[in-house]
file structure.txt (compact mmCIF, C-alpha atoms)
# COMPACT_ATOMS: atom_id res chain seq x y z
CA MET L 4 0.00 0.00 0.00
CA SER L 5 1.35 3.40 -0.96
CA ALA L 6 2.12 5.94 1.78
CA GLU L 7 0.17 9.17 2.14
CA PHE L 8 1.74 12.27 0.60
CA ALA L 9 1.83 13.83 4.09
CA THR L 10 3.99 10.95 5.32
CA LEU L 11 6.44 11.48 2.47
CA VAL L 12 6.61 15.19 3.33
CA ASP L 13 7.13 14.46 7.02
CA TYR L 14 9.82 11.92 6.20
CA TRP L 15 11.67 14.30 3.92
CA PHE L 16 11.68 17.13 6.45
CA GLY L 17 12.51 14.95 9.45
CA ASP L 18 9.10 15.34 11.10
CA LEU L 19 8.52 11.63 11.79
CA ALA L 20 9.34 10.17 15.20
CA ARG L 21 12.38 7.87 15.14
CA GLU L 22 10.30 4.68 15.20
CA GLU L 23 7.93 5.99 12.53
CA GLU L 24 10.87 6.95 10.35
CA ALA L 25 12.45 3.50 10.67
CA ALA L 26 9.14 1.82 9.81
CA PHE L 27 8.60 4.13 6.85
CA GLU L 28 12.08 3.39 5.49
CA GLU L 29 11.36 -0.35 5.69
CA HIS L 30 8.24 0.31 3.64
CA LEU L 31 9.99 2.66 1.20
CA PHE L 32 12.66 0.12 0.32
CA GLY L 33 10.00 -2.31 -0.81
CA CYS L 34 7.68 0.12 -2.54
CA ASP L 35 8.23 1.33 -6.11
CA GLU L 36 5.27 3.69 -5.96
CA CYS L 37 6.51 5.45 -2.81
CA THR L 38 10.00 5.67 -4.27
CA THR L 39 8.56 7.39 -7.34
CA LYS L 40 6.42 9.76 -5.25
CA LEU L 41 9.31 10.68 -2.98
CA ALA L 42 11.57 11.25 -5.98
CA GLU L 43 8.92 13.60 -7.40
CA LEU L 44 8.74 15.51 -4.12
CA VAL L 45 12.53 15.83 -4.11
CA ALA L 46 12.48 17.02 -7.74
CA LEU L 47 9.77 19.56 -6.91
CA GLY L 48 11.92 20.79 -4.04
CA GLY L 49 14.89 21.16 -6.36
CA ALA L 50 12.77 23.15 -8.79
CA VAL L 51 11.47 25.43 -5.99
CA ARG L 52 15.01 26.00 -4.77
CA ALA L 53 16.20 26.78 -8.30
CA ALA L 54 13.27 29.14 -8.95
CA TRP L 55 14.06 30.99 -5.74
CA ARG L 56 17.79 31.21 -6.37
CA GLU L 57 17.21 32.42 -9.91
CA GLY L 58 14.93 35.21 -8.74
CA ALA L 59 11.67 34.04 -10.26
CA VAL L 60 9.63 34.27 -7.05
CA ARG L 61 8.80 36.97 -4.52
CA ALA L 62 8.17 36.32 -0.84
CA VAL L 63 8.06 37.83 2.60
CA ILE L 64 10.71 35.78 4.33
CA SER L 65 11.89 34.81 7.78
CA ARG L 66 15.13 35.86 9.41
CA ALA L 67 16.24 32.22 9.31
CA LEU L 68 15.89 32.09 5.53
CA LEU L 69 17.72 35.40 5.18
CA ASP L 70 20.58 34.00 7.25
CA ALA L 71 20.61 30.78 5.21
CA MET L 72 20.79 32.78 1.98
CA LYS L 73 23.74 34.74 3.33
CA GLY L 74 25.30 31.48 4.46
CA GLU L 75 25.12 30.16 0.90
CA GLY L 76 26.97 33.19 -0.35
CA LEU L 77 24.08 34.81 -2.20
CA ARG L 78 24.64 38.50 -2.83
CA LEU L 79 22.01 40.51 -1.00
CA ARG L 80 21.32 44.22 -1.15
CA GLU L 81 19.49 45.28 1.99
CA TYR L 82 17.46 48.38 2.77
CA ALA L 83 16.54 49.00 6.40
CA MET L 84 13.40 51.13 6.62
CA THR L 85 11.63 52.80 9.51
CA PRO L 86 7.96 53.84 9.45
CA GLY L 87 7.48 56.95 7.34
CA GLY L 88 10.82 56.40 5.64
CA SER L 89 11.73 56.75 1.99
CA VAL L 90 14.73 55.31 0.19
CA ASP L 91 16.36 55.56 -3.22
CA CYS L 92 16.88 51.98 -4.17
CA THR L 93 18.07 49.77 -7.01
CA ILE L 94 19.14 46.26 -7.91
CA ALA L 95 22.43 45.65 -9.67
CA ALA L 96 23.03 42.93 -12.21
CA THR L 97 25.36 41.30 -9.72
CA ASP L 98 22.79 41.28 -6.90
CA ASP L 99 21.00 38.01 -6.27
CA PHE L 100 18.32 39.55 -4.06
CA VAL L 101 17.08 42.81 -2.61
CA VAL L 102 15.71 42.53 0.91
CA SER L 103 13.75 45.38 2.46
CA ARG L 104 13.73 45.25 6.23
CA LEU L 105 10.61 47.08 7.33
CA SER L 106 10.78 47.85 11.00
CA ALA L 107 7.48 48.31 12.82
CA PRO L 108 6.01 48.10 16.33
CA LEU L 109 4.96 44.44 16.14
CA ALA L 110 4.69 43.51 19.81
CA ASN L 111 1.35 41.79 20.52
CA VAL L 112 0.41 41.92 16.84
CA ARG L 113 -1.40 38.77 15.66
CA ARG L 114 -1.60 39.35 11.94
CA VAL L 115 0.15 41.71 9.54
CA ASP L 116 -1.14 42.62 6.10
CA LEU L 117 1.14 44.25 3.57
CA VAL L 118 -0.50 46.68 1.16
CA THR L 119 1.16 47.99 -2.00
CA ASP L 120 0.00 49.64 -5.21
CA ALA L 121 -0.21 46.10 -6.61
CA GLY L 122 -2.62 44.81 -3.98
CA ARG L 123 -3.08 43.58 -0.45
CA PHE L 124 -1.08 40.61 0.79
CA GLU L 125 -2.71 39.13 3.85
CA ASP L 126 -1.08 37.53 6.88
CA VAL L 127 2.56 37.97 5.90
CA PRO L 128 5.29 36.41 8.05
CA PHE L 129 6.76 38.79 10.62
CA ASP L 130 9.14 38.67 13.54
CA ALA L 131 7.47 40.37 16.48
CA ALA L 132 10.55 40.13 18.68
CA ALA L 133 12.83 41.70 16.09
CA GLY L 134 10.10 44.13 15.06
CA GLU L 135 10.54 43.66 11.35
CA VAL L 136 9.02 42.36 8.14
CA LEU L 137 11.46 41.15 5.47
CA MET L 138 10.12 41.88 2.00
CA CYS L 139 11.88 40.21 -0.89
CA PRO L 140 10.63 41.11 -4.40
CA ALA L 141 11.32 38.76 -7.31
CA PRO L 142 14.77 39.88 -8.49
CA ALA L 143 14.37 38.78 -12.10
CA ALA L 144 11.31 40.99 -12.60
CA LEU L 145 12.85 43.85 -10.63
CA LYS L 146 15.93 43.86 -12.85
CA ARG L 147 13.73 44.41 -15.90
CA LYS L 148 11.93 47.43 -14.47
CA GLY L 149 12.59 51.08 -15.14
CA ARG L 150 12.20 53.89 -12.65
CA PHE L 151 9.15 53.60 -10.38
CA THR L 152 7.85 54.47 -6.93
CA LEU L 153 6.50 51.75 -4.65
CA ARG L 154 4.45 52.64 -1.59
CA VAL L 155 4.11 49.97 1.06
CA GLN L 156 1.86 50.02 4.10
CA LEU L 157 1.88 47.54 6.97
CA LEU L 158 -1.37 46.97 8.82
CA ALA L 159 -1.99 45.14 12.09
CA VAL L 160 -5.20 43.15 11.87
CA ASP L 161 -7.20 41.66 14.73
CA ASP L 162 -10.78 41.13 15.79
CA ALA L 163 -11.18 44.82 16.57
CA GLY L 164 -10.22 45.86 13.06
CA GLU L 165 -6.96 47.12 11.62
CA ARG L 166 -4.44 49.85 12.35
CA GLU L 167 -1.49 51.18 10.46
CA LEU L 168 1.97 50.08 11.58
CA GLY L 169 3.94 52.09 9.07
CA LYS L 170 4.28 53.43 5.55
CA TYR L 171 7.43 53.05 3.48
CA THR L 172 8.34 54.54 0.12
CA PHE L 173 10.79 53.03 -2.36
CA GLU L 174 12.12 55.21 -5.20
CA HIS L 175 13.51 52.60 -7.55
CA SER L 176 15.98 53.37 -10.32
CA PRO L 177 17.55 50.80 -12.62
CA SER L 178 21.19 50.17 -11.91
CA MET P 24 10.89 -10.59 -10.78
CA GLN P 25 10.11 -10.46 -7.07
CA ASP P 26 12.84 -9.42 -4.62
CA ALA P 27 13.32 -12.97 -3.33
CA ALA P 28 13.69 -14.42 -6.82
CA LEU P 29 16.15 -11.67 -7.65
CA ALA P 30 18.25 -12.44 -4.59
CA ARG P 31 18.22 -16.15 -5.44
CA ALA P 32 19.24 -15.48 -9.05
CA ILE P 33 22.25 -13.43 -7.94
CA ALA P 34 23.25 -15.99 -5.29
CA GLY P 35 22.59 -18.97 -7.50
CA SER P 36 25.37 -18.46 -9.98
CA PRO P 37 28.63 -18.66 -8.01
CA ASP P 38 30.75 -19.40 -11.07
CA ALA P 39 29.04 -17.11 -13.56
CA ILE P 40 27.72 -13.67 -12.76
CA ASP P 41 24.06 -13.26 -13.63
CA ALA P 42 24.46 -9.85 -15.23
CA GLY P 43 20.74 -9.51 -15.94
CA ALA P 44 19.76 -10.10 -12.33
CA GLU P 45 22.46 -7.80 -11.04
CA ALA P 46 21.42 -5.04 -13.44
CA GLU P 47 17.83 -5.43 -12.29
CA PHE P 48 18.97 -5.28 -8.67
CA CYS P 49 20.81 -2.01 -9.36
CA ARG P 50 17.90 -0.55 -11.32
CA ARG P 51 15.46 -1.37 -8.54
CA PHE P 52 17.47 -0.33 -5.51
CA ALA P 53 19.68 2.54 -6.70
CA PRO P 54 16.83 5.12 -6.58
CA ARG P 55 15.83 3.99 -3.08
CA VAL P 56 19.40 4.13 -1.84
CA ARG P 57 19.91 7.54 -3.45
CA LEU P 58 16.79 8.97 -1.78
CA TYR P 59 17.90 7.52 1.53
CA GLY P 60 21.27 9.17 1.05
CA LEU P 61 19.79 12.53 0.10
CA ARG P 62 17.51 12.40 3.11
CA HIS P 63 20.22 11.54 5.61
CA LEU P 64 23.31 13.16 4.10
CA ARG P 65 21.65 16.16 2.35
CA ASP P 66 24.34 16.10 -0.30
CA ARG P 67 24.05 14.87 -3.88
CA HIS P 68 27.65 13.70 -4.16
CA ALA P 69 27.56 11.91 -0.82
CA ALA P 70 24.33 10.23 -1.91
CA ALA P 71 26.06 9.03 -5.11
CA ASP P 72 28.88 7.65 -2.97
CA LEU P 73 26.33 5.85 -0.86
CA VAL P 74 24.73 4.26 -3.93
CA GLN P 75 28.12 2.93 -5.05
CA GLN P 76 29.04 1.60 -1.64
CA VAL P 77 25.74 -0.08 -0.92
CA LEU P 78 25.28 -1.68 -4.34
CA MET P 79 28.83 -2.97 -4.27
CA MET P 80 28.58 -4.42 -0.77
CA ALA P 81 25.13 -5.87 -1.34
CA LEU P 82 26.16 -7.60 -4.57
CA GLU P 83 29.28 -8.96 -2.90
CA ARG P 84 27.22 -10.52 -0.12
CA LEU P 85 24.43 -11.70 -2.37
CA ARG P 86 26.89 -13.45 -4.67
CA ALA P 87 28.41 -15.13 -1.64
CA GLY P 88 24.98 -16.33 -0.55
CA LYS P 89 25.14 -14.38 2.70
CA LEU P 90 21.50 -13.27 2.62
CA ARG P 91 19.83 -16.02 4.63
CA ASP P 92 16.25 -14.99 3.91
CA PRO P 93 15.84 -13.79 0.30
CA GLU P 94 12.39 -12.44 1.19
CA ARG P 95 14.20 -9.81 3.27
CA LEU P 96 16.20 -8.33 0.39
CA ALA P 97 14.80 -4.80 0.87
CA SER P 98 15.58 -4.82 4.60
CA PHE P 99 19.03 -6.19 3.84
CA VAL P 100 19.75 -3.24 1.52
CA LEU P 101 18.28 -0.74 3.99
CA GLY P 102 20.49 -2.13 6.75
CA MET P 103 23.53 -1.58 4.57
CA CYS P 104 22.43 1.98 3.87
CA ARG P 105 22.24 2.68 7.58
CA MET P 106 25.68 1.18 8.16
CA VAL P 107 27.36 2.97 5.24
CA VAL P 108 25.84 6.34 6.16
CA VAL P 109 27.58 6.03 9.51
CA ASP P 110 30.85 5.26 7.69
CA LEU P 111 30.39 8.12 5.23
CA ARG P 112 29.82 10.52 8.09
CA ARG P 113 33.04 9.26 9.66
CA GLY P 114 34.79 9.51 6.29
CA THR P 115 35.90 5.87 6.42
CA ALA P 116 33.93 4.42 3.52
CA ARG P 117 35.75 3.17 0.42
CA ARG P 118 35.48 5.54 -2.49
CA ASN P 119 37.68 4.73 -5.43
CA GLY P 120 37.42 2.25 -8.23
CA LEU P 121 34.16 0.70 -7.20
CA LEU P 122 32.44 1.11 -10.52
CA GLU P 123 35.26 -0.60 -12.38
CA GLU P 124 35.66 -3.33 -9.80
CA TRP P 125 32.03 -4.27 -9.53
CA LEU P 126 30.64 -3.58 -12.96
CA ILE P 127 27.89 -1.50 -11.46
CA PRO P 128 26.21 0.41 -14.29
CA GLU P 129 27.31 4.03 -14.06
CA GLU P 130 23.75 5.21 -14.70
CA ALA P 131 22.70 3.45 -11.50
CA VAL P 132 25.02 5.64 -9.48
CA GLU P 133 24.37 8.95 -11.21
CA ASP P 134 21.19 10.90 -10.67
CA SER P 135 18.48 9.69 -12.96
CA GLU P 136 17.00 12.32 -15.25
CA PRO P 137 15.11 14.59 -12.86
CA ARG P 138 11.59 15.59 -13.66
CA VAL P 139 11.58 18.99 -15.31
CA PHE P 140 9.14 21.57 -14.01
CA GLU P 141 8.21 24.45 -16.26
CA ARG P 142 9.69 27.50 -14.54
CA ASP P 143 6.96 30.05 -15.30
CA ARG P 144 4.27 27.61 -14.27
CA LEU P 145 6.07 26.85 -11.03
CA ALA P 146 6.49 30.57 -10.30
CA ALA P 147 2.76 31.09 -10.94
CA CYS P 148 1.85 28.19 -8.65
CA LEU P 149 4.11 29.55 -5.92
CA GLU P 150 2.53 32.98 -6.36
CA ALA P 151 -0.91 31.41 -5.90
CA LEU P 152 0.03 30.21 -2.40
CA SER P 153 -0.69 32.38 0.61
CA GLU P 154 2.17 34.52 1.90
CA ARG P 155 2.94 32.19 4.78
CA GLU P 156 2.64 29.08 2.64
CA ARG P 157 5.07 30.48 0.06
CA SER P 158 7.52 31.56 2.73
CA ILE P 159 7.49 28.14 4.40
CA VAL P 160 7.77 26.17 1.16
CA ILE P 161 10.74 28.24 -0.01
CA ALA P 162 12.46 28.11 3.37
CA SER P 163 11.82 24.37 3.71
CA PHE P 164 13.43 23.49 0.41
CA PHE P 165 16.12 26.16 0.50
CA GLU P 166 17.40 25.12 3.87
CA GLU P 167 16.30 21.50 3.41
CA ASN P 168 17.47 20.34 6.74
CA GLU P 169 15.80 19.54 9.97
CA ASN P 170 16.29 22.96 11.48
CA GLN P 171 13.39 24.55 9.66
CA LYS P 172 10.95 23.57 12.37
CA ALA P 173 9.47 26.85 13.45
CA GLU P 174 8.99 30.36 12.21
CA PRO P 175 8.56 33.46 14.34
CA GLY P 176 5.04 33.38 15.74
CA LEU P 177 4.41 29.79 14.59
CA SER P 178 4.99 26.53 16.43
CA ALA P 179 6.71 23.58 14.78
CA GLY P 180 3.28 21.96 14.52
CA ASN P 181 1.88 25.02 12.72
CA VAL P 182 4.79 25.00 10.28
CA ARG P 183 4.24 21.31 9.57
CA VAL P 184 0.53 21.78 8.92
CA ILE P 185 1.11 24.79 6.64
CA ARG P 186 3.84 22.87 4.79
CA HIS P 187 1.51 19.93 4.15
CA ARG P 188 -1.23 22.19 2.89
CA ALA P 189 1.11 24.28 0.75
CA LEU P 190 2.83 21.33 -0.88
CA GLY P 191 -0.51 19.69 -1.58
CA LYS P 192 -1.67 22.87 -3.32
CA LEU P 193 1.60 23.25 -5.18
CA ARG P 194 1.54 19.69 -6.44
CA ALA P 195 -2.08 19.98 -7.53
CA CYS P 196 -1.35 23.26 -9.30
CA MET P 197 1.62 21.77 -11.17
CA GLU P 198 -0.33 18.67 -12.14
CA ALA P 199 -3.20 20.81 -13.43
CA ALA P 200 -0.83 22.48 -15.89
call {"tool": "encode", "arguments": {"input": "structure.txt", "output": "structure tokens"}}
result
Amino acid sequence: MSAEFATLVDYWFGDLAREEEAAFEEHLFGCDECTTKLAELVALGGAVRAAWREGAVRAVISRALLDAMKGEGLRLREYAMTPGGSVDCTIAATDDFVVSRLSAPLANVRRVDLVTDAGRFEDVPFDAAAGEVLMCPAPAALKRKGRFTLRVQLLAVDDAGERELGKYTFEHSPS
Amino acid sequence: MQDAALARAIAGSPDAIDAGAEAEFCRRFAPRVRLYGLRHLRDRHAAADLVQQVLMMALERLRAGKLRDPERLASFVLGMCRMVVVDLRRGTARRNGLLEEWLIPEEAVEDSEPRVFERDRLAACLEALSERERSIVIASFFEENENQKAEPGLSAGNVRVIRHRALGKLRACMEAA
């Protein structure tokens, strides 16, 4: 019998208990179908990693991922922004990523929405202790753009409604 | 051919190598050993080393008739994987000349042709995920180790649930293409 997809995911990311992992490996070594499914998951992971490294995807990221990217030697251009701040920014051909570090008063905040001219992005990851949101636009698309202004607003959202945490302005010029 | 029959075919020809059975053994188990290696060593080259080591040792023992219960061929190979991973981590495993010595098909050791995902489609499917889902999927595969257990504001259990949901959506999106 083939394993559930969730079991394959848990196995791959080390989320199975030791005994469960040992039992799953016994099963995997006798199961062609699970081998194929796991190989597809691994291939999908490789494609996601490649898409990210090549700048095809945007994301709001965690500090841990930022540190891992630095650890892999990726070239990052960082802009540290405070509420109400504005920055002249760019991305060079040699940059792998641009990371905007939006500081905001995030203590006791449950959900943060990020609003730009392009739309509203709900429930973005944020680090309340560090008081920052790490915004990472897709580098490949950014490198193709001319001069533009991007306005970003962070909103705290809870049962009582929403309140502004900060506004940030990016004056982008091609490098 | 069932695993037990395969083990018997390899063991049953002490004077003449059953090349067909051995090739089938390599074809069947190399992908499993490679995945095991990637999972535990998190390194493509180390996983290729593991495939070489395990196939070589397993064939050596199978030829010598050292597998007492042929029905347990898969467990026998898994046990070798576990043992060799320990050796590879210690840096004591044999490395050189194994392909030539054991006639293991080179294609069994190298990565098989990986499935190709269309980049724009994948980017669109990633974009269709929620912000947290996308962040966790990217971090999970980028770091691809067992440290990516929690994110600020989320427990390890939350991360696991979001990862399941996100990868299910991503897979469905890619298959719908």
call {"tool": "atom_distance", "arguments": {"input": "structure.txt", "atom1": "CA of Leu152 in chain P", "atom2": "CA of Ala143 in chain L"}}
result
19.3 Å
call {"tool": "closest_residue", "arguments": {"input": "structure.txt", "among": "L:Thr172, L:Cys34, L:Gly17, L:Gly49", "to": "Arg67 in chain P", "atoms": "all atoms listed in the file"}}
result
L:Gly49
call {"tool": "closest_residue", "arguments": {"input": "structure.txt", "among": "P:His68, P:Val77, P:Arg51, P:Leu85", "to": "Ile33 in chain P", "atoms": "all atoms listed in the file"}}
result
P:Leu85
call {"tool": "atom_distance", "arguments": {"input": "structure.txt", "atom1": "CA of Gly87 in chain L", "atom2": "CA of Leu109 in chain L"}}
result
15.5 Å
call {"tool": "closest_residue", "arguments": {"input": "structure.txt", "among": "L:Ala133, L:Ala96, L:Val101, L:Met84", "to": "Ser65 in chain L", "atoms": "all atoms listed in the file"}}
result
L:Ala133
call {"tool": "closest_atom_pairs", "arguments": {"input": "structure.txt", "of": "chain P", "to": "chain L", "cutoff": "7 Å", "atoms": "all atoms listed in the file", "output": "Markdown table"}}
result
| residue | atom | partner | partner_atom | distance |
| --- | --- | --- | --- | --- |
| P:Arg55 | CA | L:Phe32 | CA | 6.0 |
| P:Arg62 | CA | L:Trp15 | CA | 6.2 |
| P:Ala97 | CA | L:Phe32 | CA | 5.4 |
| P:Ser98 | CA | L:Glu29 | CA | 6.2 |
| P:Leu101 | CA | L:Phe32 | CA | 6.8 |
| P:Pro137 | CA | L:Ala46 | CA | 6.2 |
| P:Arg138 | CA | L:Ala46 | CA | 6.2 |
| P:Phe140 | CA | L:Ala50 | CA | 6.6 |
| P:Arg142 | CA | L:Ala54 | CA | 6.8 |
| P:Ala146 | CA | L:Val60 | CA | 5.8 |
| P:Glu154 | CA | L:Val127 | CA | 5.3 |
| P:Arg155 | CA | L:Pro128 | CA | 5.8 |
| P:Arg157 | CA | L:Ala62 | CA | 6.7 |
| P:Ser158 | CA | L:Ile64 | CA | 5.5 |
| P:Ile161 | CA | L:Val51 | CA | 6.6 |
| P:Ala162 | CA | L:Leu68 | CA | 5.7 |
| P:Phe164 | CA | L:Gly48 | CA | 5.4 |
| P:Phe165 | CA | L:Arg52 | CA | 5.4 |
| P:Glu166 | CA | L:Ala71 | CA | 6.6 |
| P:Asn168 | CA | L:Phe16 | CA | 6.6 |
| P:Glu169 | CA | L:Gly17 | CA | 5.7 |
| P:Glu174 | CA | L:Ser65 | CA | 6.9 |
| P:Pro175 | CA | L:Asp130 | CA | 5.3 |
| P:His187 | CA | L:Ala9 | CA | 6.1 |
call {"tool": "write_last_selection", "arguments": {"input": "structure.txt", "atoms": "C-alpha atoms", "output": "mmCIF file, in the frame of the given file"}}
result
data_model
loop_
_atom_site.group_PDB
_atom_site.id
_atom_site.type_symbol
_atom_site.label_atom_id
_atom_site.label_comp_id
_atom_site.auth_asym_id
_atom_site.auth_seq_id
_atom_site.Cartn_x
_atom_site.Cartn_y
_atom_site.Cartn_z
ATOM 1 C CA ARG P 55 15.830 3.990 -3.080
ATOM 2 C CA ARG P 62 17.510 12.400 3.110
ATOM 3 C CA ALA P 97 14.800 -4.800 0.870
ATOM 4 C CA SER P 98 15.580 -4.820 4.600
ATOM 5 C CA LEU P 101 18.280 -0.740 3.990
ATOM 6 C CA PRO P 137 15.110 14.590 -12.860
ATOM 7 C CA ARG P 138 11.590 15.590 -13.660
ATOM 8 C CA PHE P 140 9.140 21.570 -14.010
ATOM 9 C CA ARG P 142 9.690 27.500 -14.540
ATOM 10 C CA ALA P 146 6.490 30.570 -10.300
ATOM 11 C CA GLU P 154 2.170 34.520 1.900
ATOM 12 C CA ARG P 155 2.940 32.190 4.780
ATOM 13 C CA ARG P 157 5.070 30.480 0.060
ATOM 14 C CA SER P 158 7.520 31.560 2.730
ATOM 15 C CA ILE P 161 10.740 28.240 -0.010
ATOM 16 C CA ALA P 162 12.460 28.110 3.370
ATOM 17 C CA PHE P 164 13.430 23.490 0.410
ATOM 18 C CA PHE P 165 16.120 26.160 0.500
ATOM 19 C CA GLU P 166 17.400 25.120 3.870
ATOM 20 C CA ASN P 168 17.470 20.340 6.740
ATOM 21 C CA GLU P 169 15.800 19.540 9.970
ATOM 22 C CA GLU P 174 8.990 30.360 12.210
ATOM 23 C CA PRO P 175 8.560 33.460 14.340
ATOM 24 C CA HIS P 187 1.510 19.930 4.150
#
call {"tool": "atom_distance", "arguments": {"input": "structure.txt", "atom1": "CA of Thr152 in chain L", "atom2": "CA of Arg80 in chain L"}}
result
17.9 Å
call {"tool": "residues_around", "arguments": {"input": "structure.txt", "residues": "Val160 in chain P", "least_positions_apart": "4", "cutoff": "7 Å", "atoms": "all atoms listed in the file", "output": "count of residues only"}}
result
4
call {"tool": "closest_residue", "arguments": {"input": "structure.txt", "among": "P:Val100, P:Ala70, P:Ala42, P:Leu177", "to": "Asp26 in chain P", "atoms": "all atoms listed in the file"}}
result
P:Val100
call {"tool": "residues_around", "arguments": {"input": "structure.txt", "residues": "Leu111 in chain P", "least_positions_apart": "2", "cutoff": "12 Å", "atoms": "all atoms listed in the file", "output": "short mmCIF file (atom, residue, chain, number, x, y, z; two decimals) with C-alpha atoms, keeping the file's coordinate frame"}}
result
data_model
loop_
_atom_site.label_atom_id
_atom_site.label_comp_id
_atom_site.auth_asym_id
_atom_site.auth_seq_id
_atom_site.Cartn_x
_atom_site.Cartn_y
_atom_site.Cartn_z
CA GLY P 60 21.27 9.17 1.05
CA HIS P 63 20.22 11.54 5.61
CA LEU P 64 23.31 13.16 4.10
CA ASP P 66 24.34 16.10 -0.30
CA HIS P 68 27.65 13.70 -4.16
CA ALA P 69 27.56 11.91 -0.82
CA ALA P 70 24.33 10.23 -1.91
CA ALA P 71 26.06 9.03 -5.11
CA ASP P 72 28.88 7.65 -2.97
CA LEU P 73 26.33 5.85 -0.86
CA VAL P 74 24.73 4.26 -3.93
CA GLN P 75 28.12 2.93 -5.05
CA GLN P 76 29.04 1.60 -1.64
CA VAL P 77 25.74 -0.08 -0.92
CA MET P 103 23.53 -1.58 4.57
CA CYS P 104 22.43 1.98 3.87
CA ARG P 105 22.24 2.68 7.58
CA MET P 106 25.68 1.18 8.16
CA VAL P 107 27.36 2.97 5.24
CA VAL P 108 25.84 6.34 6.16
CA VAL P 109 27.58 6.03 9.51
CA ARG P 113 33.04 9.26 9.66
CA GLY P 114 34.79 9.51 6.29
CA THR P 115 35.90 5.87 6.42
CA ALA P 116 33.93 4.42 3.52
CA ARG P 117 35.75 3.17 0.42
CA ARG P 118 35.48 5.54 -2.49
#
call {"tool": "closest_residue", "arguments": {"input": "structure.txt", "among": "P:Lys89, P:Asp143, P:Ile159, P:Pro54", "to": "Ile185 in chain P", "atoms": "all atoms listed in the file"}}
result
P:Ile159
